[in-house]
file upload11.cif (mmCIF, C-alpha atoms and all ligand atoms)
data_query
loop_
_atom_site.group_PDB
_atom_site.id
_atom_site.type_symbol
_atom_site.label_atom_id
_atom_site.label_comp_id
_atom_site.auth_asym_id
_atom_site.auth_seq_id
_atom_site.Cartn_x
_atom_site.Cartn_y
_atom_site.Cartn_z
ATOM 1 C CA MET A 3 8.162 30.916 -11.708
ATOM 2 C CA GLN A 4 9.690 27.546 -10.900
ATOM 3 C CA ARG A 5 7.823 24.255 -10.809
ATOM 4 C CA LEU A 6 4.051 24.272 -10.727
ATOM 5 C CA ALA A 7 2.107 21.019 -10.291
ATOM 6 C CA LEU A 8 -1.624 20.701 -10.788
ATOM 7 C CA ILE A 9 -3.179 18.030 -8.611
ATOM 8 C CA GLY A 10 -6.746 16.765 -8.349
ATOM 9 C CA PHE A 11 -9.132 14.023 -9.308
ATOM 10 C CA MET A 12 -9.597 12.551 -12.785
ATOM 11 C CA ALA A 13 -11.411 14.986 -15.103
ATOM 12 C CA SER A 14 -10.780 18.008 -12.885
ATOM 13 C CA GLY A 15 -9.046 19.667 -15.857
ATOM 14 C CA LYS A 16 -5.393 19.276 -14.845
ATOM 15 C CA SER A 17 -4.127 18.637 -18.375
ATOM 16 C CA THR A 18 -6.305 21.178 -20.180
ATOM 17 C CA VAL A 19 -5.721 23.940 -17.662
ATOM 18 C CA GLY A 20 -2.039 23.019 -17.268
ATOM 19 C CA GLU A 21 -1.361 23.262 -20.972
ATOM 20 C CA LEU A 22 -2.936 26.712 -21.137
ATOM 21 C CA VAL A 23 -1.119 27.938 -18.008
ATOM 22 C CA ALA A 24 2.198 26.750 -19.458
ATOM 23 C CA ALA A 25 1.505 28.477 -22.785
ATOM 24 C CA LYS A 26 0.600 31.730 -21.055
ATOM 25 C CA LEU A 27 3.723 31.610 -18.880
ATOM 26 C CA ASP A 28 5.833 30.376 -21.778
ATOM 27 C CA VAL A 29 7.280 27.441 -19.835
ATOM 28 C CA PRO A 30 7.392 23.729 -20.721
ATOM 29 C CA PHE A 31 4.304 21.640 -20.014
ATOM 30 C CA VAL A 32 4.515 17.997 -18.934
ATOM 31 C CA ASP A 33 1.597 15.633 -18.486
ATOM 32 C CA LEU A 34 2.721 12.934 -16.052
ATOM 33 C CA ASP A 35 0.593 10.195 -17.642
ATOM 34 C CA ARG A 36 1.943 10.964 -21.138
ATOM 35 C CA TYR A 37 5.497 11.008 -19.721
ATOM 36 C CA ILE A 38 4.963 7.557 -18.178
ATOM 37 C CA GLU A 39 3.411 6.237 -21.399
ATOM 38 C CA ALA A 40 6.321 7.499 -23.504
ATOM 39 C CA ARG A 41 8.820 5.875 -21.182
ATOM 40 C CA ALA A 42 6.961 2.573 -20.973
ATOM 41 C CA GLY A 43 5.986 2.435 -24.632
ATOM 42 C CA MET A 44 2.470 1.532 -23.458
ATOM 43 C CA THR A 45 -0.750 3.401 -22.798
ATOM 44 C CA ILE A 46 -2.014 3.806 -19.227
ATOM 45 C CA PRO A 47 -4.794 1.194 -19.758
ATOM 46 C CA GLU A 48 -2.164 -1.212 -21.159
ATOM 47 C CA ILE A 49 0.120 -0.635 -18.163
ATOM 48 C CA PHE A 50 -2.758 -1.351 -15.753
ATOM 49 C CA ALA A 51 -3.823 -4.431 -17.734
ATOM 50 C CA THR A 52 -0.394 -6.003 -18.195
ATOM 51 C CA LEU A 53 1.680 -4.780 -15.245
ATOM 52 C CA GLY A 54 -1.017 -3.869 -12.713
ATOM 53 C CA GLU A 55 -1.789 -0.781 -10.648
ATOM 54 C CA GLN A 56 1.044 -1.312 -8.152
ATOM 55 C CA ARG A 57 3.669 -1.261 -10.884
ATOM 56 C CA PHE A 58 2.002 1.819 -12.384
ATOM 57 C CA ARG A 59 2.263 3.570 -9.003
ATOM 58 C CA VAL A 60 6.001 2.831 -8.880
ATOM 59 C CA MET A 61 6.423 4.249 -12.391
ATOM 60 C CA GLU A 62 4.406 7.305 -11.348
ATOM 61 C CA THR A 63 6.640 7.901 -8.311
ATOM 62 C CA GLU A 64 9.787 7.521 -10.435
ATOM 63 C CA ALA A 65 8.471 9.932 -13.070
ATOM 64 C CA LEU A 66 7.518 12.503 -10.434
ATOM 65 C CA GLY A 67 10.986 12.222 -8.887
ATOM 66 C CA ASP A 68 12.684 12.675 -12.287
ATOM 67 C CA ILE A 69 10.709 15.792 -13.139
ATOM 68 C CA GLY A 70 11.140 17.304 -9.650
ATOM 69 C CA ARG A 71 14.875 16.748 -9.959
ATOM 70 C CA ASP A 72 15.602 17.468 -13.617
ATOM 71 C CA MET A 73 13.260 20.277 -14.613
ATOM 72 C CA LYS A 74 13.901 23.698 -13.111
ATOM 73 C CA CYS A 75 10.872 25.278 -14.711
ATOM 74 C CA VAL A 76 7.748 23.337 -15.635
ATOM 75 C CA VAL A 77 3.991 23.163 -15.416
ATOM 76 C CA LEU A 78 3.146 19.560 -14.529
ATOM 77 C CA ALA A 79 -0.288 17.950 -14.768
ATOM 78 C CA THR A 80 -0.198 14.981 -12.394
ATOM 79 C CA GLY A 81 -2.425 11.904 -12.518
ATOM 80 C CA GLY A 82 -5.339 11.783 -10.088
ATOM 81 C CA GLY A 83 -3.624 9.171 -7.930
ATOM 82 C CA ALA A 84 -0.254 10.903 -7.651
ATOM 83 C CA VAL A 85 -1.103 11.984 -4.092
ATOM 84 C CA ILE A 86 -1.815 8.482 -2.792
ATOM 85 C CA HIS A 87 1.693 7.736 -1.526
ATOM 86 C CA PRO A 88 2.844 9.945 1.362
ATOM 87 C CA SER A 89 6.320 10.156 -0.192
ATOM 88 C CA ASN A 90 4.784 11.594 -3.397
ATOM 89 C CA ARG A 91 2.922 14.189 -1.355
ATOM 90 C CA ASP A 92 6.181 15.103 0.403
ATOM 91 C CA LEU A 93 7.952 15.360 -2.934
ATOM 92 C CA LEU A 94 5.200 17.522 -4.402
ATOM 93 C CA LYS A 95 5.301 19.848 -1.407
ATOM 94 C CA ALA A 96 9.097 20.067 -1.392
ATOM 95 C CA SER A 97 9.741 20.514 -5.108
ATOM 96 C CA PHE A 98 6.637 22.210 -6.539
ATOM 97 C CA THR A 99 4.134 24.931 -5.937
ATOM 98 C CA THR A 100 0.963 22.864 -6.068
ATOM 99 C CA VAL A 101 -2.530 23.867 -7.073
ATOM 100 C CA TYR A 102 -5.416 21.536 -6.257
ATOM 101 C CA LEU A 103 -8.117 21.810 -8.904
ATOM 102 C CA ARG A 104 -11.063 20.947 -6.678
ATOM 103 C CA ALA A 105 -14.162 19.600 -8.404
ATOM 104 C CA ALA A 106 -17.428 18.395 -6.867
ATOM 105 C CA PRO A 107 -18.374 14.746 -7.517
ATOM 106 C CA GLU A 108 -21.231 15.893 -9.798
ATOM 107 C CA THR A 109 -18.817 17.875 -11.984
ATOM 108 C CA ILE A 110 -16.456 14.922 -12.244
ATOM 109 C CA LEU A 111 -19.250 12.457 -13.010
ATOM 110 C CA SER A 112 -20.736 14.583 -15.755
ATOM 111 C CA ARG A 113 -17.314 15.039 -17.389
ATOM 112 C CA LEU A 114 -16.393 11.387 -17.053
ATOM 113 C CA LYS A 115 -19.526 10.237 -18.846
ATOM 114 C CA GLN A 116 -17.709 10.861 -22.118
ATOM 115 C CA ASP A 117 -14.496 8.987 -21.432
ATOM 116 C CA ALA A 118 -14.862 6.632 -18.472
ATOM 117 C CA ALA A 119 -13.855 3.828 -20.847
ATOM 118 C CA GLN A 120 -10.296 5.212 -20.944
ATOM 119 C CA ARG A 121 -9.954 5.074 -17.158
ATOM 120 C CA PRO A 122 -8.774 1.724 -15.787
ATOM 121 C CA LEU A 123 -9.970 2.541 -12.268
ATOM 122 C CA LEU A 124 -13.536 3.083 -13.471
ATOM 123 C CA GLN A 125 -13.985 -0.301 -15.136
ATOM 124 C CA THR A 126 -16.503 -1.467 -12.541
ATOM 125 C CA ASP A 127 -20.256 -2.105 -12.485
ATOM 126 C CA ASN A 128 -20.812 1.188 -10.718
ATOM 127 C CA PRO A 129 -18.301 3.852 -11.835
ATOM 128 C CA ALA A 130 -20.267 6.640 -10.117
ATOM 129 C CA GLN A 131 -19.957 4.909 -6.755
ATOM 130 C CA ARG A 132 -16.270 4.304 -7.393
ATOM 131 C CA VAL A 133 -15.723 8.002 -8.126
ATOM 132 C CA ARG A 134 -17.430 9.003 -4.881
ATOM 133 C CA THR A 135 -15.457 6.465 -2.835
ATOM 134 C CA LEU A 136 -12.093 7.412 -4.342
ATOM 135 C CA LEU A 137 -12.795 11.112 -4.020
ATOM 136 C CA LYS A 138 -13.725 10.745 -0.353
ATOM 137 C CA GLN A 139 -10.576 8.729 0.238
ATOM 138 C CA ARG A 140 -8.308 11.192 -1.553
ATOM 139 C CA GLN A 141 -9.803 14.565 -0.593
ATOM 140 C CA THR A 142 -7.568 15.096 2.437
ATOM 141 C CA TRP A 143 -4.497 13.985 0.482
ATOM 142 C CA TYR A 144 -5.145 16.600 -2.195
ATOM 143 C CA GLU A 145 -5.669 19.216 0.501
ATOM 144 C CA ASP A 146 -2.558 18.090 2.351
ATOM 145 C CA ALA A 147 -0.394 18.387 -0.786
ATOM 146 C CA ALA A 148 -1.911 21.694 -1.940
ATOM 147 C CA SER A 149 -0.205 25.075 -1.701
ATOM 148 C CA TRP A 150 -3.371 26.577 -3.226
ATOM 149 C CA ILE A 151 -6.886 25.359 -3.924
ATOM 150 C CA VAL A 152 -8.907 26.466 -6.946
ATOM 151 C CA ASP A 153 -12.563 25.437 -7.309
ATOM 152 C CA VAL A 154 -13.290 24.376 -10.861
ATOM 153 C CA ASP A 155 -17.038 23.669 -10.879
ATOM 154 C CA HIS A 156 -17.687 26.957 -12.641
ATOM 155 C CA GLY A 157 -15.736 29.057 -15.097
ATOM 156 C CA THR A 158 -14.115 28.529 -18.465
ATOM 157 C CA VAL A 159 -10.717 26.899 -18.958
ATOM 158 C CA GLU A 160 -9.383 30.380 -19.740
ATOM 159 C CA GLU A 161 -10.739 31.811 -16.464
ATOM 160 C CA ILE A 162 -9.436 28.913 -14.390
ATOM 161 C CA ALA A 163 -5.984 29.116 -16.020
ATOM 162 C CA GLN A 164 -5.878 32.847 -15.311
ATOM 163 C CA PHE A 165 -6.880 32.221 -11.709
ATOM 164 C CA VAL A 166 -4.145 29.597 -11.295
ATOM 165 C CA ILE A 167 -1.572 32.079 -12.592
HETATM 166 C C1 LIG B 201 -5.562 7.764 -12.048
HETATM 167 C C2 LIG B 201 -5.758 8.870 -12.834
HETATM 168 C C3 LIG B 201 -5.328 8.925 -14.241
HETATM 169 C C4 LIG B 201 -4.168 7.959 -14.495
HETATM 170 C C5 LIG B 201 -4.502 6.591 -14.007
HETATM 171 C C6 LIG B 201 -4.825 6.552 -12.521
HETATM 172 C C7 LIG B 201 -6.049 7.799 -10.630
HETATM 173 O O1 LIG B 201 -4.894 10.253 -14.571
HETATM 174 O O2 LIG B 201 -2.994 8.409 -13.874
HETATM 175 O O3 LIG B 201 -5.584 6.101 -14.761
HETATM 176 O O4 LIG B 201 -5.603 6.971 -9.824
HETATM 177 O O5 LIG B 201 -6.897 8.659 -10.323
HETATM 178 P P1 LIG B 201 -5.912 11.505 -14.790
HETATM 179 O O6 LIG B 201 -6.199 12.085 -13.439
HETATM 180 O O7 LIG B 201 -5.126 12.443 -15.649
HETATM 181 O O8 LIG B 201 -7.121 10.964 -15.464
#

call {"tool": "encode", "arguments": {"input": "upload11.cif", "output": "structure tokens"}}
result
Amino acid sequence: MQRLALIGFMASGKSTVGELVAAKLDVPFVDLDRYIEARAGMTIPEIFATLGEQRFRVMETEALGDIGRDMKCVVLATGGGAVIHPSNRDLLKASFTTVYLRAAPETILSRLKQDAAQRPLLQTDNPAQRVRTLLKQRQTWYEDAASWIVDVDHGTVEEIAQFVI
């Protein structure tokens, strides 16, 4: 086991599944958003509000590069937008085994109902429409960066983690 990265849209379960996979494999777990927050001394919503999305994307690319370079063995939960930049997709493919946790829009929308307020990209009049648009835009990028695809519309966290392993 070397570096495993979970990719996929917001609320697809990357962090929850990733943490369990890491525990089962007894390897370190890193959540890319938490890593960025710790480095910046700000939460993700604060980074978006004060520095803007573009600056966040630069921080995300830097963090991904650091982990790909410095950690020999890790389970990494990426942020939903980590596949936007082609260079990030190249880095993910070169340095990690990647698993795309693929969720249908309905699954994502029902999960996001609880915590859309924490997601800077969903602060619009119509978050559901925004989810559908972003998902459509990103689908091929997730597929392009994926070594494996796991559908996550059904099954418990335990079952999905086992399947990933
Ligand atoms: C984002 C997803 C978030 C976080 C940021 C941007 C995105 O991570 O990185 O709000 O562009 O989809 P999660 O996928 O962990 O929610």

call {"tool": "resolve_selection", "arguments": {"input": "upload11.cif", "expression": "the PyMOL selection byres (((chain A and resi 14-28) around 9) and not hetatm)", "output": "ChimeraX atom specification"}}
result
/A:3,7-13,29-33,76-82,102-106,109-110,113,154-155,159-160,162-164,166-167

call {"tool": "axis_aligned_box", "arguments": {"input": "upload11.cif", "around": "ligand LIG 201 (chain B)", "padding_each_side": "6 Å", "output": "JSON"}}
result
{"center_x": -5.1, "center_y": 9.3, "center_z": -12.7, "size_x": 16.1, "size_y": 18.3, "size_z": 17.8}

call {"tool": "residues_near_point", "arguments": {"input": "upload11.cif", "point": "(-4.8, 19.1, -2.1)", "cutoff": "10 Å", "atoms": "only C-alpha atoms", "output": "ChimeraX atom specification"}}
result
/A:8-11,85,91,100-104,140-152

call {"tool": "atom_distance", "arguments": {"input": "upload11.cif", "atom1": "atom O4 of ligand LIG 201 (chain B)", "atom2": "CA of Ala84 (chain A)"}}
result
7.0 Å

call {"tool": "closest_residue", "arguments": {"input": "upload11.cif", "among": "A:Pro122, A:Gly54, A:Pro107, A:Gly157", "to": "Thr135 (chain A)", "atoms": "all atoms listed in the file"}}
result
A:Pro107

call {"tool": "atom_distance", "arguments": {"input": "upload11.cif", "atom1": "atom C2 of ligand LIG 201 (chain B)", "atom2": "CA of Leu124 (chain A)"}}
result
9.7 Å

call {"tool": "residues_around", "arguments": {"input": "upload11.cif", "residues": "Gln56 (chain A)", "least_positions_apart": "6", "cutoff": "12 Å", "atoms": "all atoms listed in the file", "output": "list of chain:residue names"}}
result
A:Ile49, A:Phe50, A:Glu62, A:Thr63, A:Gly83, A:Ile86, A:His87

call {"tool": "atom_distance", "arguments": {"input": "upload11.cif", "atom1": "CA of Thr45 (chain A)", "atom2": "CA of Phe98 (chain A)"}}
result
25.9 Å

call {"tool": "closest_residue", "arguments": {"input": "upload11.cif", "among": "A:Ser112, A:Gln4, A:Asn128, A:Thr158", "to": "Gly70 (chain A)", "atoms": "all atoms listed in the file"}}
result
A:Gln4

call {"tool": "decode", "arguments": {"input": "upload11.cif", "residues": "region 12-38 of chain A", "atoms": "N, CA and C atoms", "output": "PDB file, in the first residue's frame"}}
result
ATOM      1  N   MET A  12     -18.385  17.019  -3.378  1.00  0.00           N
ATOM      2  CA  MET A  12     -18.725  17.300  -1.978  1.00  0.00           C
ATOM      3  C   MET A  12     -19.773  16.288  -1.503  1.00  0.00           C
ATOM      4  N   ALA A  13     -19.629  15.841  -0.266  1.00  0.00           N
ATOM      5  CA  ALA A  13     -20.610  14.950   0.371  1.00  0.00           C
ATOM      6  C   ALA A  13     -20.673  13.556  -0.249  1.00  0.00           C
ATOM      7  N   SER A  14     -19.637  13.178  -1.001  1.00  0.00           N
ATOM      8  CA  SER A  14     -19.623  11.807  -1.526  1.00  0.00           C
ATOM      9  C   SER A  14     -19.058  10.831  -0.495  1.00  0.00           C
ATOM     10  N   GLY A  15     -18.552  11.356   0.623  1.00  0.00           N
ATOM     11  CA  GLY A  15     -18.080  10.491   1.710  1.00  0.00           C
ATOM     12  C   GLY A  15     -16.574  10.316   1.760  1.00  0.00           C
ATOM     13  N   LYS A  16     -15.834  11.196   1.076  1.00  0.00           N
ATOM     14  CA  LYS A  16     -14.376  11.019   0.987  1.00  0.00           C
ATOM     15  C   LYS A  16     -13.717  10.990   2.375  1.00  0.00           C
ATOM     16  N   SER A  17     -14.123  11.925   3.228  1.00  0.00           N
ATOM     17  CA  SER A  17     -13.469  12.007   4.547  1.00  0.00           C
ATOM     18  C   SER A  17     -13.879  10.851   5.451  1.00  0.00           C
ATOM     19  N   THR A  18     -15.169  10.561   5.484  1.00  0.00           N
ATOM     20  CA  THR A  18     -15.664   9.488   6.363  1.00  0.00           C
ATOM     21  C   THR A  18     -15.109   8.136   5.940  1.00  0.00           C
ATOM     22  N   VAL A  19     -15.204   7.869   4.643  1.00  0.00           N
ATOM     23  CA  VAL A  19     -14.711   6.579   4.142  1.00  0.00           C
ATOM     24  C   VAL A  19     -13.181   6.527   4.284  1.00  0.00           C
ATOM     25  N   GLY A  20     -12.529   7.637   3.944  1.00  0.00           N
ATOM     26  CA  GLY A  20     -11.062   7.684   3.990  1.00  0.00           C
ATOM     27  C   GLY A  20     -10.527   7.393   5.378  1.00  0.00           C
ATOM     28  N   GLU A  21     -11.165   7.970   6.375  1.00  0.00           N
ATOM     29  CA  GLU A  21     -10.709   7.772   7.746  1.00  0.00           C
ATOM     30  C   GLU A  21     -10.811   6.293   8.139  1.00  0.00           C
ATOM     31  N   LEU A  22     -11.903   5.675   7.727  1.00  0.00           N
ATOM     32  CA  LEU A  22     -12.109   4.258   8.061  1.00  0.00           C
ATOM     33  C   LEU A  22     -11.126   3.360   7.294  1.00  0.00           C
ATOM     34  N   VAL A  23     -10.911   3.679   6.016  1.00  0.00           N
ATOM     35  CA  VAL A  23      -9.955   2.902   5.212  1.00  0.00           C
ATOM     36  C   VAL A  23      -8.565   2.987   5.842  1.00  0.00           C
ATOM     37  N   ALA A  24      -8.176   4.192   6.240  1.00  0.00           N
ATOM     38  CA  ALA A  24      -6.850   4.396   6.838  1.00  0.00           C
ATOM     39  C   ALA A  24      -6.724   3.603   8.142  1.00  0.00           C
ATOM     40  N   ALA A  25      -7.786   3.624   8.950  1.00  0.00           N
ATOM     41  CA  ALA A  25      -7.748   2.895  10.225  1.00  0.00           C
ATOM     42  C   ALA A  25      -7.615   1.395   9.969  1.00  0.00           C
ATOM     43  N   LYS A  26      -8.365   0.905   8.997  1.00  0.00           N
ATOM     44  CA  LYS A  26      -8.321  -0.532   8.700  1.00  0.00           C
ATOM     45  C   LYS A  26      -6.950  -0.951   8.165  1.00  0.00           C
ATOM     46  N   LEU A  27      -6.331  -0.054   7.380  1.00  0.00           N
ATOM     47  CA  LEU A  27      -5.025  -0.395   6.798  1.00  0.00           C
ATOM     48  C   LEU A  27      -3.875   0.008   7.716  1.00  0.00           C
ATOM     49  N   ASP A  28      -4.245   0.707   8.791  1.00  0.00           N
ATOM     50  CA  ASP A  28      -3.254   1.185   9.753  1.00  0.00           C
ATOM     51  C   ASP A  28      -2.199   2.077   9.098  1.00  0.00           C
ATOM     52  N   VAL A  29      -2.694   3.052   8.311  1.00  0.00           N
ATOM     53  CA  VAL A  29      -1.793   4.040   7.705  1.00  0.00           C
ATOM     54  C   VAL A  29      -2.327   5.435   8.040  1.00  0.00           C
ATOM     55  N   PRO A  30      -1.494   6.468   7.956  1.00  0.00           N
ATOM     56  CA  PRO A  30      -1.958   7.811   8.286  1.00  0.00           C
ATOM     57  C   PRO A  30      -3.079   8.281   7.351  1.00  0.00           C
ATOM     58  N   PHE A  31      -3.992   9.050   7.927  1.00  0.00           N
ATOM     59  CA  PHE A  31      -5.074   9.649   7.146  1.00  0.00           C
ATOM     60  C   PHE A  31      -4.873  11.167   7.100  1.00  0.00           C
ATOM     61  N   VAL A  32      -5.011  11.742   5.911  1.00  0.00           N
ATOM     62  CA  VAL A  32      -4.958  13.203   5.790  1.00  0.00           C
ATOM     63  C   VAL A  32      -6.188  13.680   5.030  1.00  0.00           C
ATOM     64  N   ASP A  33      -6.840  14.687   5.590  1.00  0.00           N
ATOM     65  CA  ASP A  33      -7.945  15.347   4.898  1.00  0.00           C
ATOM     66  C   ASP A  33      -7.376  16.644   4.324  1.00  0.00           C
ATOM     67  N   LEU A  34      -7.422  16.773   3.005  1.00  0.00           N
ATOM     68  CA  LEU A  34      -6.749  17.909   2.354  1.00  0.00           C
ATOM     69  C   LEU A  34      -7.280  19.266   2.841  1.00  0.00           C
ATOM     70  N   ASP A  35      -8.593  19.359   3.041  1.00  0.00           N
ATOM     71  CA  ASP A  35      -9.153  20.633   3.522  1.00  0.00           C
ATOM     72  C   ASP A  35      -8.639  20.988   4.921  1.00  0.00           C
ATOM     73  N   ARG A  36      -8.580  19.971   5.790  1.00  0.00           N
ATOM     74  CA  ARG A  36      -8.085  20.221   7.173  1.00  0.00           C
ATOM     75  C   ARG A  36      -6.607  20.604   7.139  1.00  0.00           C
ATOM     76  N   TYR A  37      -5.852  19.984   6.238  1.00  0.00           N
ATOM     77  CA  TYR A  37      -4.420  20.278   6.075  1.00  0.00           C
ATOM     78  C   TYR A  37      -4.253  21.747   5.653  1.00  0.00           C
ATOM     79  N   ILE A  38      -5.064  22.172   4.693  1.00  0.00           N
ATOM     80  CA  ILE A  38      -4.994  23.561   4.210  1.00  0.00           C
ATOM     81  C   ILE A  38      -5.390  24.518   5.328  1.00  0.00           C
TER      82      ILE A  38
END
